[in-house]
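Structure data follow from structure_2.cif (mmCIF, C-alpha atoms and all ligand atoms):
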data_final
loop_
_atom_site.group_PDB
_atom_site.id
_atom_site.type_symbol
_atom_site.label_atom_id
_atom_site.label_comp_id
_atom_site.auth_asym_id
_atom_site.auth_seq_id
_atom_site.Cartn_x
_atom_site.Cartn_y
_atom_site.Cartn_z
ATOM 1 C CA MET N 1 2.239 -4.106 -25.692
ATOM 2 C CA ARG N 2 5.053 -5.668 -23.767
ATOM 3 C CA LEU N 3 4.849 -6.523 -20.109
ATOM 4 C CA SER N 4 7.342 -4.841 -17.880
ATOM 5 C CA ARG N 5 10.418 -6.528 -16.512
ATOM 6 C CA GLY N 6 9.681 -9.210 -13.970
ATOM 7 C CA ALA N 7 6.455 -10.307 -15.642
ATOM 8 C CA ARG N 8 6.118 -14.033 -15.912
ATOM 9 C CA GLY N 9 3.120 -16.273 -16.104
ATOM 10 C CA ARG N 10 0.210 -14.969 -14.088
ATOM 11 C CA GLY N 11 1.043 -11.605 -12.612
ATOM 12 C CA ILE N 12 4.486 -10.534 -11.580
ATOM 13 C CA SER N 13 6.590 -11.849 -8.775
ATOM 14 C CA TRP N 14 5.874 -10.087 -5.516
ATOM 15 C CA GLY N 15 8.915 -8.948 -3.698
ATOM 16 C CA ARG N 16 8.772 -6.444 -0.918
ATOM 17 C CA GLY N 17 8.590 -3.455 -3.263
ATOM 18 C CA ALA N 18 5.326 -4.274 -5.032
ATOM 19 C CA ALA N 19 2.921 -3.112 -2.322
ATOM 20 C CA LEU N 20 5.220 -0.340 -1.162
ATOM 21 C CA PHE N 21 5.520 1.259 -4.584
ATOM 22 C CA GLY N 22 1.954 0.635 -5.774
ATOM 23 C CA LEU N 23 2.760 -1.650 -8.667
ATOM 24 C CA CYS N 24 0.017 -3.135 -10.831
ATOM 25 C CA PRO N 25 -0.464 -6.795 -9.844
ATOM 26 C CA ARG N 26 -0.704 -7.878 -13.476
ATOM 27 C CA CYS N 27 1.966 -5.942 -15.333
ATOM 28 C CA GLY N 28 4.109 -4.422 -12.582
ATOM 29 C CA ALA N 29 3.745 -0.836 -13.787
ATOM 30 C CA LYS N 30 3.567 1.852 -11.133
ATOM 31 C CA THR N 31 -0.109 2.613 -11.761
ATOM 32 C CA LEU N 32 -2.006 1.371 -8.708
ATOM 33 C CA PHE N 33 -2.583 4.725 -7.024
ATOM 34 C CA ALA N 34 -4.253 7.864 -8.364
ATOM 35 C CA GLY N 35 -4.010 9.786 -5.099
ATOM 36 C CA VAL N 36 -2.035 9.536 -1.893
ATOM 37 C CA ALA N 37 -3.892 6.438 -0.713
ATOM 38 C CA GLN N 38 -6.594 6.187 -3.364
ATOM 39 C CA PHE N 39 -6.590 3.529 -6.056
ATOM 40 C CA ALA N 40 -6.754 4.453 -9.725
ATOM 41 C CA ASP N 41 -9.747 3.071 -11.651
ATOM 42 C CA THR N 42 -7.683 1.035 -14.068
ATOM 43 C CA CYS N 43 -4.072 0.306 -14.883
ATOM 44 C CA ARG N 44 -2.846 2.764 -17.532
ATOM 45 C CA VAL N 45 -0.567 0.126 -19.037
ATOM 46 C CA CYS N 46 -2.500 -3.185 -19.083
ATOM 47 C CA ALA N 47 -6.056 -1.859 -18.386
ATOM 48 C CA LEU N 48 -6.637 -4.111 -15.374
ATOM 49 C CA ASP N 49 -9.792 -2.800 -13.691
ATOM 50 C CA TYR N 50 -8.911 -2.058 -10.047
ATOM 51 C CA ARG N 51 -12.566 -1.250 -9.241
ATOM 52 C CA GLN N 52 -13.410 -4.958 -9.262
ATOM 53 C CA PHE N 53 -11.388 -5.456 -6.081
ATOM 54 C CA ASN N 54 -13.037 -4.659 -2.793
ATOM 55 C CA VAL N 55 -10.284 -3.665 -0.415
ATOM 56 C CA GLY N 56 -12.159 -0.924 1.445
ATOM 57 C CA ASP N 57 -10.688 0.788 4.461
ATOM 58 C CA GLY N 58 -10.338 -2.325 6.563
ATOM 59 C CA PRO N 59 -6.654 -1.887 7.361
ATOM 60 C CA ALA N 60 -7.066 1.760 8.422
ATOM 61 C CA ALA N 61 -8.277 1.287 12.008
ATOM 62 C CA PHE N 62 -5.893 -1.563 12.742
ATOM 63 C CA LEU N 63 -2.948 0.326 11.306
ATOM 64 C CA THR N 64 -3.788 3.538 13.169
ATOM 65 C CA LEU N 65 -3.926 1.669 16.482
ATOM 66 C CA ILE N 66 -0.536 0.049 15.907
ATOM 67 C CA ILE N 67 1.113 3.303 14.824
ATOM 68 C CA GLY N 68 -0.517 5.187 17.707
ATOM 69 C CA ALA N 69 0.865 2.706 20.226
ATOM 70 C CA LEU N 70 4.298 2.822 18.611
ATOM 71 C CA VAL N 71 4.507 6.628 18.500
ATOM 72 C CA THR N 72 3.159 6.966 22.046
ATOM 73 C CA GLY N 73 5.806 4.554 23.297
ATOM 74 C CA LEU N 74 8.548 6.483 21.506
ATOM 75 C CA ALA N 75 7.256 9.833 22.820
ATOM 76 C CA ILE N 76 7.198 8.535 26.412
ATOM 77 C CA TRP N 77 10.704 7.134 25.988
ATOM 78 C CA LEU N 78 11.989 10.456 24.605
ATOM 79 C CA GLN N 79 10.345 12.435 27.407
ATOM 80 C CA LEU N 80 11.835 10.204 30.092
ATOM 81 C CA ALA N 81 15.262 10.036 28.448
ATOM 82 C CA VAL N 82 15.992 13.691 27.619
ATOM 83 C CA GLU N 83 12.949 15.703 28.786
ATOM 84 C CA PRO N 84 12.766 17.900 25.652
ATOM 85 C CA PRO N 85 10.528 21.000 25.501
ATOM 86 C CA PHE N 86 6.959 20.392 24.337
ATOM 87 C CA TRP N 87 7.507 21.866 20.867
ATOM 88 C CA VAL N 88 10.072 19.122 20.127
ATOM 89 C CA HIS N 89 7.332 16.556 20.612
ATOM 90 C CA VAL N 90 5.005 18.457 18.282
ATOM 91 C CA ILE N 91 7.629 18.890 15.563
ATOM 92 C CA LEU N 92 8.736 15.287 15.814
ATOM 93 C CA TRP N 93 5.596 13.207 16.321
ATOM 94 C CA VAL N 94 2.922 15.002 14.302
ATOM 95 C CA PRO N 95 4.648 14.665 10.895
ATOM 96 C CA LEU N 96 6.015 11.214 11.740
ATOM 97 C CA THR N 97 2.570 9.934 12.706
ATOM 98 C CA ALA N 98 0.963 11.370 9.566
ATOM 99 C CA ALA N 99 3.674 9.913 7.330
ATOM 100 C CA LEU N 100 3.477 6.485 8.971
ATOM 101 C CA VAL N 101 -0.331 6.345 8.736
ATOM 102 C CA VAL N 102 -0.458 7.434 5.088
ATOM 103 C CA GLY N 103 2.502 5.282 4.044
ATOM 104 C CA GLY N 104 1.248 2.293 5.995
ATOM 105 C CA LEU N 105 -2.272 2.660 4.638
ATOM 106 C CA ARG N 106 -0.957 2.856 1.097
ATOM 107 C CA ALA N 107 1.208 -0.228 1.498
ATOM 108 C CA SER N 108 -1.438 -2.285 3.303
ATOM 109 C CA LYS N 109 -4.202 -1.419 0.821
ATOM 110 C CA ALA N 110 -1.907 -2.276 -2.077
ATOM 111 C CA TRP N 111 -0.918 -5.516 -0.375
ATOM 112 C CA LEU N 112 -4.592 -6.470 0.112
ATOM 113 C CA LEU N 113 -5.456 -5.683 -3.506
ATOM 114 C CA ILE N 114 -2.489 -7.707 -4.726
ATOM 115 C CA ALA N 115 -3.495 -10.629 -2.501
ATOM 116 C CA GLU N 116 -7.078 -10.413 -3.753
ATOM 117 C CA TYR N 117 -5.901 -10.235 -7.347
ATOM 118 C CA ARG N 118 -3.787 -13.346 -6.950
ATOM 119 C CA ARG N 119 -6.575 -15.283 -5.236
ATOM 120 C CA ALA N 120 -9.246 -14.178 -7.723
ATOM 121 C CA ALA N 121 -6.986 -14.915 -10.658
ATOM 122 C CA GLY N 122 -6.289 -18.359 -9.244
ATOM 123 C CA GLU N 123 -10.022 -19.051 -8.875
ATOM 124 C CA GLY N 124 -10.740 -17.744 -12.359
ATOM 125 C CA ARG N 125 -13.063 -15.014 -11.063
ATOM 126 C CA ILE N 126 -11.301 -12.268 -12.952
ATOM 127 C CA LYS N 127 -10.324 -12.170 -16.552
ATOM 128 C CA ASP N 128 -6.571 -12.355 -16.443
ATOM 129 C CA THR N 129 -5.343 -12.306 -19.980
ATOM 130 C CA PRO N 130 -2.575 -9.772 -20.291
ATOM 131 C CA PRO N 131 -2.743 -7.715 -23.485
ATOM 132 C CA GLU N 132 -0.420 -8.639 -26.346
HETATM 133 ZN ZN ZN N 201 -1.130 -3.165 -15.227
#
Please re-express this file's structure in structure tokens.
Ligand SMILES: [Zn+2]
Amino acid sequence: MRLSRGARGRGISWGRGAALFGLCPRCGAKTLFAGVAQFADTCRVCALDYRQFNVGDGPAAFLTLIIGALVTGLAIWLQLAVEPPFWVHVILWVPLTAALVVGGLRASKAWLLIAEYRRAAGEGRIKDTPPE
């Protein structure tokens, strides 16, 4: 089995896309997520066991607070600037908030798992021998 493009040494290089697109920290395949913001059990390509990483829902509360403050600020600005009818606020902010929370949660969880993978691999706590 060949590693995907960008694989070199231990894990792949981590540009900005890795966490955003849910790439496996070992082989770089797009296999990290099974659901919207739920990790798969293992990588389908290199069989890295994602269950050994304990990311949890730590970023969720922090992220929700930041997004809530951001959206509230934007809604107040819009109201003061153009005074739109109430339904404009509903149509605009409800989907935007949901998308930002889900997208942000996905990216932050992936980022944490990738960081944990790199640290654990560096300490030798996980078996990190990519398949042939
Ligand atoms: Zn993989």
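The space between CA of Arg118 in chain N and CA of Phe53 in chain N spans 11.0 Å.
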Take the PyMOL selection byres (((not hetatm)) within 7 of (chain N and resi 201)), apply it to the structure above, and return the hits as a short mmCIF file (atom, residue, chain, number, x, y, z; two decimals) with C-alpha atoms, in the frame of the given file.
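In the end it all went to out_37.cif:
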data_model
loop_
_atom_site.label_atom_id
_atom_site.label_comp_id
_atom_site.auth_asym_id
_atom_site.auth_seq_id
_atom_site.Cartn_x
_atom_site.Cartn_y
_atom_site.Cartn_z
CA CYS N 24 0.02 -3.14 -10.83
CA PRO N 25 -0.46 -6.80 -9.84
CA ARG N 26 -0.70 -7.88 -13.48
CA CYS N 27 1.97 -5.94 -15.33
CA GLY N 28 4.11 -4.42 -12.58
CA ALA N 29 3.74 -0.84 -13.79
CA THR N 31 -0.11 2.61 -11.76
CA CYS N 43 -4.07 0.31 -14.88
CA ARG N 44 -2.85 2.76 -17.53
CA VAL N 45 -0.57 0.13 -19.04
CA CYS N 46 -2.50 -3.18 -19.08
CA ALA N 47 -6.06 -1.86 -18.39
CA LEU N 48 -6.64 -4.11 -15.37
#
Computed interatomic separation between CA of Val71 in chain N and CA of Val94 in chain N (Å):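 CA of Val71 in chain N sits 9.5 Å away from CA of Val94 in chain N.
You will find CA of Val101 in chain N at 6.3 Å from CA of Thr64 in chain N.
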The residues within 8 Å of (0.7, -5.2, -3.2), using all atoms listed in the file and the coordinates of the file, should be reported as a PDB file with C-alpha atoms, keeping the file's coordinate frame; which are they?
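Here's the written file result-v3.pdb:
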ATOM      1  CA  TRP N  14       5.874 -10.087  -5.516  1.00  0.00           C
ATOM      2  CA  ALA N  18       5.326  -4.274  -5.032  1.00  0.00           C
ATOM      3  CA  ALA N  19       2.921  -3.112  -2.322  1.00  0.00           C
ATOM      4  CA  LEU N  20       5.220  -0.340  -1.162  1.00  0.00           C
ATOM      5  CA  GLY N  22       1.954   0.635  -5.774  1.00  0.00           C
ATOM      6  CA  LEU N  23       2.760  -1.650  -8.667  1.00  0.00           C
ATOM      7  CA  CYS N  24       0.017  -3.135 -10.831  1.00  0.00           C
ATOM      8  CA  PRO N  25      -0.464  -6.795  -9.844  1.00  0.00           C
ATOM      9  CA  ALA N 107       1.208  -0.228   1.498  1.00  0.00           C
ATOM     10  CA  SER N 108      -1.438  -2.285   3.303  1.00  0.00           C
ATOM     11  CA  LYS N 109      -4.202  -1.419   0.821  1.00  0.00           C
ATOM     12  CA  ALA N 110      -1.907  -2.276  -2.077  1.00  0.00           C
ATOM     13  CA  TRP N 111      -0.918  -5.516  -0.375  1.00  0.00           C
ATOM     14  CA  LEU N 112      -4.592  -6.470   0.112  1.00  0.00           C
ATOM     15  CA  LEU N 113      -5.456  -5.683  -3.506  1.00  0.00           C
ATOM     16  CA  ILE N 114      -2.489  -7.707  -4.726  1.00  0.00           C
ATOM     17  CA  ALA N 115      -3.495 -10.629  -2.501  1.00  0.00           C
TER      18      ALA N 115
END
Nearby residues (all atoms listed in the file) at most 12 Å from Phe62 in chain N, same-chain spacing under 5 positions excluded, as a ChimeraX atom specification: /N:57,67-69,101,104-105,108
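Residue nearest Leu96 in chain N, chosen from N:Glu83, N:Leu70, N:Ala120, N:Lys30 and counting all atoms listed in the file: N:Leu70.
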As JSON: centre and edge lengths in Å, one decimal, of the axis-aligned box holding range 47-63 of chain N with 4 Å per side:
{"center_x": -8.2, "center_y": -1.8, "center_z": -2.8, "size_x": 18.5, "size_y": 15.2, "size_z": 39.1}
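Shortest atom-to-atom contact with Ala34 in chain N among N:Arg106, N:Leu74, N:Gln52, N:Leu63: N:Arg106, counting all atoms listed in the file.
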